[in-house]
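Novice: Coordinates in target-v1.csv, CSV, C-alpha atoms, are listed below.
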chain,number,residue,atom,x,y,z
A,1,MET,CA,14.7,50.2,-9.3
A,2,THR,CA,17.0,49.7,-6.3
A,3,ARG,CA,14.1,48.3,-4.3
A,4,THR,CA,13.2,45.9,-7.1
A,5,ARG,CA,16.9,44.8,-7.3
A,6,TYR,CA,17.0,44.1,-3.5
A,7,GLY,CA,13.7,42.3,-3.7
A,8,TYR,CA,15.0,40.1,-6.5
A,9,GLY,CA,18.2,39.4,-4.5
A,10,ALA,CA,16.2,38.5,-1.4
A,11,LEU,CA,14.1,36.1,-3.5
A,12,LEU,CA,17.2,34.4,-4.9
A,13,VAL,CA,18.7,34.0,-1.4
A,14,GLY,CA,15.4,32.6,-0.1
A,15,LEU,CA,15.2,30.1,-2.9
A,16,ALA,CA,18.8,29.0,-2.4
A,17,VAL,CA,18.1,28.4,1.3
A,18,ALA,CA,15.0,26.5,0.4
A,19,LEU,CA,16.9,24.4,-2.1
A,20,ALA,CA,19.6,23.5,0.5
A,21,ILE,CA,16.8,22.5,3.0
A,22,VAL,CA,15.1,20.3,0.4
A,23,LEU,CA,18.4,18.7,-0.6
A,24,GLY,CA,19.1,17.9,3.0
A,25,LEU,CA,15.7,16.4,3.5
A,26,ALA,CA,16.0,14.4,0.3
A,27,VAL,CA,19.3,12.9,1.4
A,28,SER,CA,18.1,12.4,5.0
A,29,LEU,CA,14.8,10.5,4.4
A,30,GLY,CA,14.7,7.0,3.1
A,31,SER,CA,14.7,3.4,4.3
A,32,VAL,CA,17.5,4.3,6.6
A,33,ARG,CA,16.8,7.7,8.1
A,34,ILE,CA,19.9,9.9,8.7
A,35,PRO,CA,19.6,13.1,10.6
A,36,VAL,CA,20.0,16.3,8.5
A,37,GLY,CA,22.8,17.5,10.7
A,38,ASP,CA,24.7,14.2,10.0
A,39,VAL,CA,24.1,14.6,6.3
A,40,TRP,CA,25.7,18.0,6.1
A,41,ALA,CA,28.5,17.0,8.5
A,42,ILE,CA,29.3,14.0,6.2
A,43,VAL,CA,29.2,16.3,3.1
A,44,GLY,CA,31.4,18.9,4.9
A,45,ALA,CA,33.9,16.2,6.0
A,46,ARG,CA,34.2,15.0,2.4
A,47,LEU,CA,34.7,18.5,1.0
A,48,ALA,CA,37.0,19.7,3.8
A,49,PRO,CA,38.6,16.7,5.6
A,50,GLY,CA,39.3,17.3,9.2
A,51,THR,CA,36.6,19.9,9.8
A,52,PHE,CA,34.3,17.4,11.6
A,53,ALA,CA,35.1,14.6,14.1
A,54,THR,CA,33.8,11.4,12.6
A,55,TRP,CA,30.9,10.0,14.7
A,56,TRP,CA,28.9,8.3,11.9
A,57,THR,CA,29.4,4.8,10.5
A,58,ALA,CA,31.0,4.1,7.1
A,59,ALA,CA,27.7,2.6,6.0
A,60,ARG,CA,25.9,5.9,6.6
A,61,GLU,CA,28.6,7.8,4.8
A,62,SER,CA,28.3,5.5,1.8
A,63,ILE,CA,24.5,6.0,1.7
A,64,VAL,CA,24.9,9.7,1.7
A,65,ILE,CA,27.9,10.1,-0.6
A,66,ASP,CA,27.5,7.2,-3.0
A,67,SER,CA,23.7,6.8,-3.2
A,68,ARG,CA,21.4,9.6,-2.1
A,69,LEU,CA,23.4,12.8,-2.7
A,70,PRO,CA,24.1,12.1,-6.4
A,71,ARG,CA,20.4,11.4,-7.0
A,72,ALA,CA,19.3,14.6,-5.1
A,73,LEU,CA,21.8,16.8,-7.0
A,74,THR,CA,20.8,15.2,-10.3
A,75,ALA,CA,17.1,15.9,-9.5
A,76,ALA,CA,18.0,19.5,-8.7
A,77,VAL,CA,19.9,20.0,-12.0
A,78,VAL,CA,17.1,18.4,-14.0
A,79,GLY,CA,14.5,20.6,-12.3
A,80,ALA,CA,16.5,23.7,-13.1
A,81,SER,CA,16.9,22.5,-16.7
A,82,LEU,CA,13.2,22.0,-17.1
A,83,ALA,CA,12.5,25.4,-15.6
A,84,MET,CA,15.0,27.0,-18.1
A,85,SER,CA,13.5,25.1,-21.1
A,86,GLY,CA,10.0,26.3,-20.1
A,87,ALA,CA,11.2,29.9,-19.8
A,88,VAL,CA,13.0,29.7,-23.2
A,89,ALA,CA,9.9,28.2,-24.8
A,90,GLN,CA,7.7,31.0,-23.5
A,91,ALA,CA,10.2,33.6,-24.6
A,92,VAL,CA,10.5,32.2,-28.1
A,93,THR,CA,6.8,31.7,-28.7
A,94,ARG,CA,5.9,34.9,-26.8
A,95,ASN,CA,3.2,32.8,-25.1
A,96,PRO,CA,3.0,32.1,-21.3
A,97,LEU,CA,1.3,28.8,-21.9
A,98,ALA,CA,4.2,27.3,-23.9
A,99,ASP,CA,6.2,24.4,-22.4
A,100,PRO,CA,7.9,21.3,-23.8
A,101,TYR,CA,4.8,19.2,-23.5
A,102,LEU,CA,2.4,21.6,-25.2
A,103,LEU,CA,4.9,22.2,-28.1
A,104,GLY,CA,5.2,18.4,-28.7
A,105,VAL,CA,8.9,18.4,-27.8
A,106,SER,CA,8.5,15.7,-25.1
A,107,SER,CA,6.4,13.5,-27.4
A,108,GLY,CA,8.8,13.9,-30.3
A,109,ALA,CA,11.8,13.0,-28.1
A,110,GLY,CA,10.0,10.0,-26.7
A,111,PHE,CA,9.0,8.7,-30.2
A,112,MET,CA,12.5,8.9,-31.5
A,113,VAL,CA,13.9,7.0,-28.5
A,114,VAL,CA,11.2,4.4,-28.9
A,115,LEU,CA,12.0,4.1,-32.6
A,116,VAL,CA,15.7,3.7,-32.0
A,117,SER,CA,15.2,1.2,-29.3
A,118,VAL,CA,12.7,-0.9,-31.3
A,119,LEU,CA,14.9,-0.9,-34.4
A,120,GLY,CA,17.6,-2.3,-32.2
A,121,PHE,CA,20.2,0.5,-32.5
A,122,GLY,CA,20.5,0.8,-28.8
A,123,ALA,CA,23.9,2.1,-28.1
A,124,GLY,CA,25.4,0.8,-31.3
A,125,LEU,CA,25.6,3.9,-33.5
A,126,LEU,CA,27.0,6.6,-31.2
A,127,GLY,CA,27.7,4.5,-28.1
A,128,VAL,CA,26.1,5.8,-25.0
A,129,PHE,CA,25.2,9.0,-26.8
A,130,THR,CA,22.8,7.2,-29.2
A,131,ILE,CA,19.7,7.6,-27.0
A,132,PRO,CA,20.4,11.3,-26.0
A,133,VAL,CA,21.1,12.3,-29.6
A,134,ALA,CA,18.0,10.5,-30.8
A,135,ALA,CA,15.9,12.3,-28.1
A,136,PHE,CA,17.3,15.6,-29.1
A,137,VAL,CA,16.7,15.1,-32.8
A,138,GLY,CA,13.2,13.9,-32.0
A,139,ALA,CA,12.5,16.9,-29.9
A,140,MET,CA,13.6,19.3,-32.6
A,141,ILE,CA,11.2,17.9,-35.2
A,142,PRO,CA,7.9,18.9,-33.6
A,143,LEU,CA,9.4,22.2,-32.3
A,144,PHE,CA,10.5,23.1,-35.8
A,145,LEU,CA,7.1,22.2,-37.3
A,146,ALA,CA,5.2,24.1,-34.6
A,147,LEU,CA,7.3,27.2,-35.2
A,148,LEU,CA,7.1,26.8,-39.0
A,149,ILE,CA,3.4,26.2,-39.2
A,150,GLY,CA,2.1,28.2,-36.3
A,151,GLY,CA,4.5,31.1,-37.0
A,152,ARG,CA,2.5,32.0,-40.1
A,153,TYR,CA,-0.4,33.2,-38.1
A,154,PRO,CA,-0.4,36.5,-36.1
A,155,GLN,CA,-2.0,34.9,-33.0
A,156,PRO,CA,0.6,33.6,-30.6
A,157,THR,CA,-1.8,30.8,-29.6
A,158,ALA,CA,-1.4,29.3,-33.1
A,159,ILE,CA,2.0,27.8,-32.2
A,160,ILE,CA,0.5,26.3,-29.1
A,161,LEU,CA,-2.4,24.7,-31.0
A,162,VAL,CA,0.0,23.3,-33.6
A,163,GLY,CA,2.2,22.0,-30.9
A,164,VAL,CA,-0.7,20.3,-29.1
A,165,ALA,CA,-1.7,18.6,-32.4
A,166,LEU,CA,1.9,17.4,-33.0
A,167,ALA,CA,2.1,16.1,-29.4
A,168,GLN,CA,-0.9,14.0,-30.0
A,169,ILE,CA,0.4,12.7,-33.3
A,170,PHE,CA,3.8,11.7,-31.8
A,171,SER,CA,2.1,10.2,-28.7
A,172,ALA,CA,0.0,8.0,-31.1
A,173,LEU,CA,3.2,7.0,-32.9
A,174,ILE,CA,4.8,6.0,-29.6
A,175,THR,CA,1.7,3.8,-28.8
A,176,PHE,CA,1.8,2.3,-32.3
A,177,CYS,CA,5.5,1.4,-32.0
A,178,ILE,CA,5.1,-0.1,-28.5
A,179,LEU,CA,2.0,-2.2,-29.4
A,180,VAL,CA,3.0,-3.3,-32.9
A,181,LEU,CA,6.8,-3.2,-33.3
A,182,ALA,CA,8.2,-3.7,-29.9
A,183,ASP,CA,8.7,-7.0,-28.0
A,184,ASP,CA,8.6,-7.4,-24.2
A,185,ARG,CA,12.3,-6.5,-23.7
A,186,HIS,CA,11.9,-3.3,-25.8
A,187,VAL,CA,8.7,-2.3,-24.0
A,188,THR,CA,10.4,-2.7,-20.6
A,189,SER,CA,13.3,-0.5,-21.5
A,190,VAL,CA,11.2,2.1,-23.3
A,191,MET,CA,8.7,2.5,-20.5
A,192,HIS,CA,11.6,2.8,-18.1
A,193,TRP,CA,13.1,5.6,-20.2
A,194,ILE,CA,9.7,7.4,-20.6
A,195,ALA,CA,8.8,7.2,-16.9
A,196,GLY,CA,12.3,8.5,-16.0
A,197,GLY,CA,14.1,8.2,-12.7
A,198,PHE,CA,17.3,9.0,-10.9
A,199,GLY,CA,18.3,5.4,-9.9
A,200,ASP,CA,21.4,5.4,-12.1
A,201,ALA,CA,22.7,8.7,-11.0
Re-express the file's structure as structure tokens.
Specialist:
Amino acid sequence: MTRTRYGYGALLVGLAVALAIVLGLAVSLGSVRIPVGDVWAIVGARLAPGTFATWWTAARESIVIDSRLPRALTAAVVGASLAMSGAVAQAVTRNPLADPYLLGVSSGAGFMVVLVSVLGFGAGLLGVFTIPVAAFVGAMIPLFLALLIGGRYPQPTAIILVGVALAQIFSALITFCILVLADDRHVTSVMHWIAGGFGDA
């Protein structure tokens, strides 16, 4: 038991170090390459003023603090959230194959966002929260149906099969809305949302 606990702690420490290295590289690399040492010095100087003598330019500091670091941190948080959602899906369905894509959650969220965008609601109903709320409601619909229908069967793979079927249905509905109901402006915004990105972070 103690050995397992130490092994788990060592794994967490190793993963934390790996995350710090990846974050440093993500902020360092780009059209303007900034040494990793400079990146952490800039971050340290911002967190604790006076700890480092300033040898970098204001432009490089702006690139690190205002542009690349928020995107890298947002990507790390999103990755952790996706990992947690996958773990929760596997625990709820008692199936190691479960994930938001197989259960139709992603397709349901995408369909509701497409529908709200095409109907012209945009940010009108709930302000900036309209799209996130629509995505959440759309994600819950196939998840609820997958658990309701697939949960009636003793095999844990039944939920996965129902989820895959629902994912295909909602993907078809997304395609229908884009091809039939949406105009060019809606298609551009919808495809940008579906593809995702951290440019606005």
Novice: Counting only C-alpha atoms, what is within 8 Å of stretch 69-81 of chain A, bar same-chain residues fewer than 4 positions away, as a VMD selection string?
Specialist: chain A and resid 23 26 to 27 64 to 65 85 198 to 201
Novice: Got a sec: who's within 12 Å of stretch 50-57 of chain A, counting only C-alpha atoms, leaving out chain neighbours fewer than 2 positions off, as a ChimeraX atom specification?
Specialist: /A:34-35,37-48,59-64
Novice: Determine the nearest neighbour of A:Ala158 from the options A:Ile194, A:Leu115, A:Leu97, A:Val137, counting all atoms listed in the file.
Specialist: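 Smallest distance to A:Ala158 is found for A:Leu97.
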Novice: Which polymer residues have any atom within 8 Å of an atom of A:Ala134, counting all atoms listed in the file, with same-chain residues fewer than 6 positions away left out, as a VMD selection string?
Specialist: chain A and resid 109 112 to 113 116
Novice: What does the distance from atom CA of A:Leu166 to atom CA of A:Ala98 come to in Å, to one decimal?
Specialist: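 For atom CA of A:Leu166 relative to atom CA of A:Ala98, the distance reads 13.6 Å.
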Novice: Atom CA of A:Leu147 and atom CA of A:Val114 are how many Å apart?
Specialist: 24.0 Å
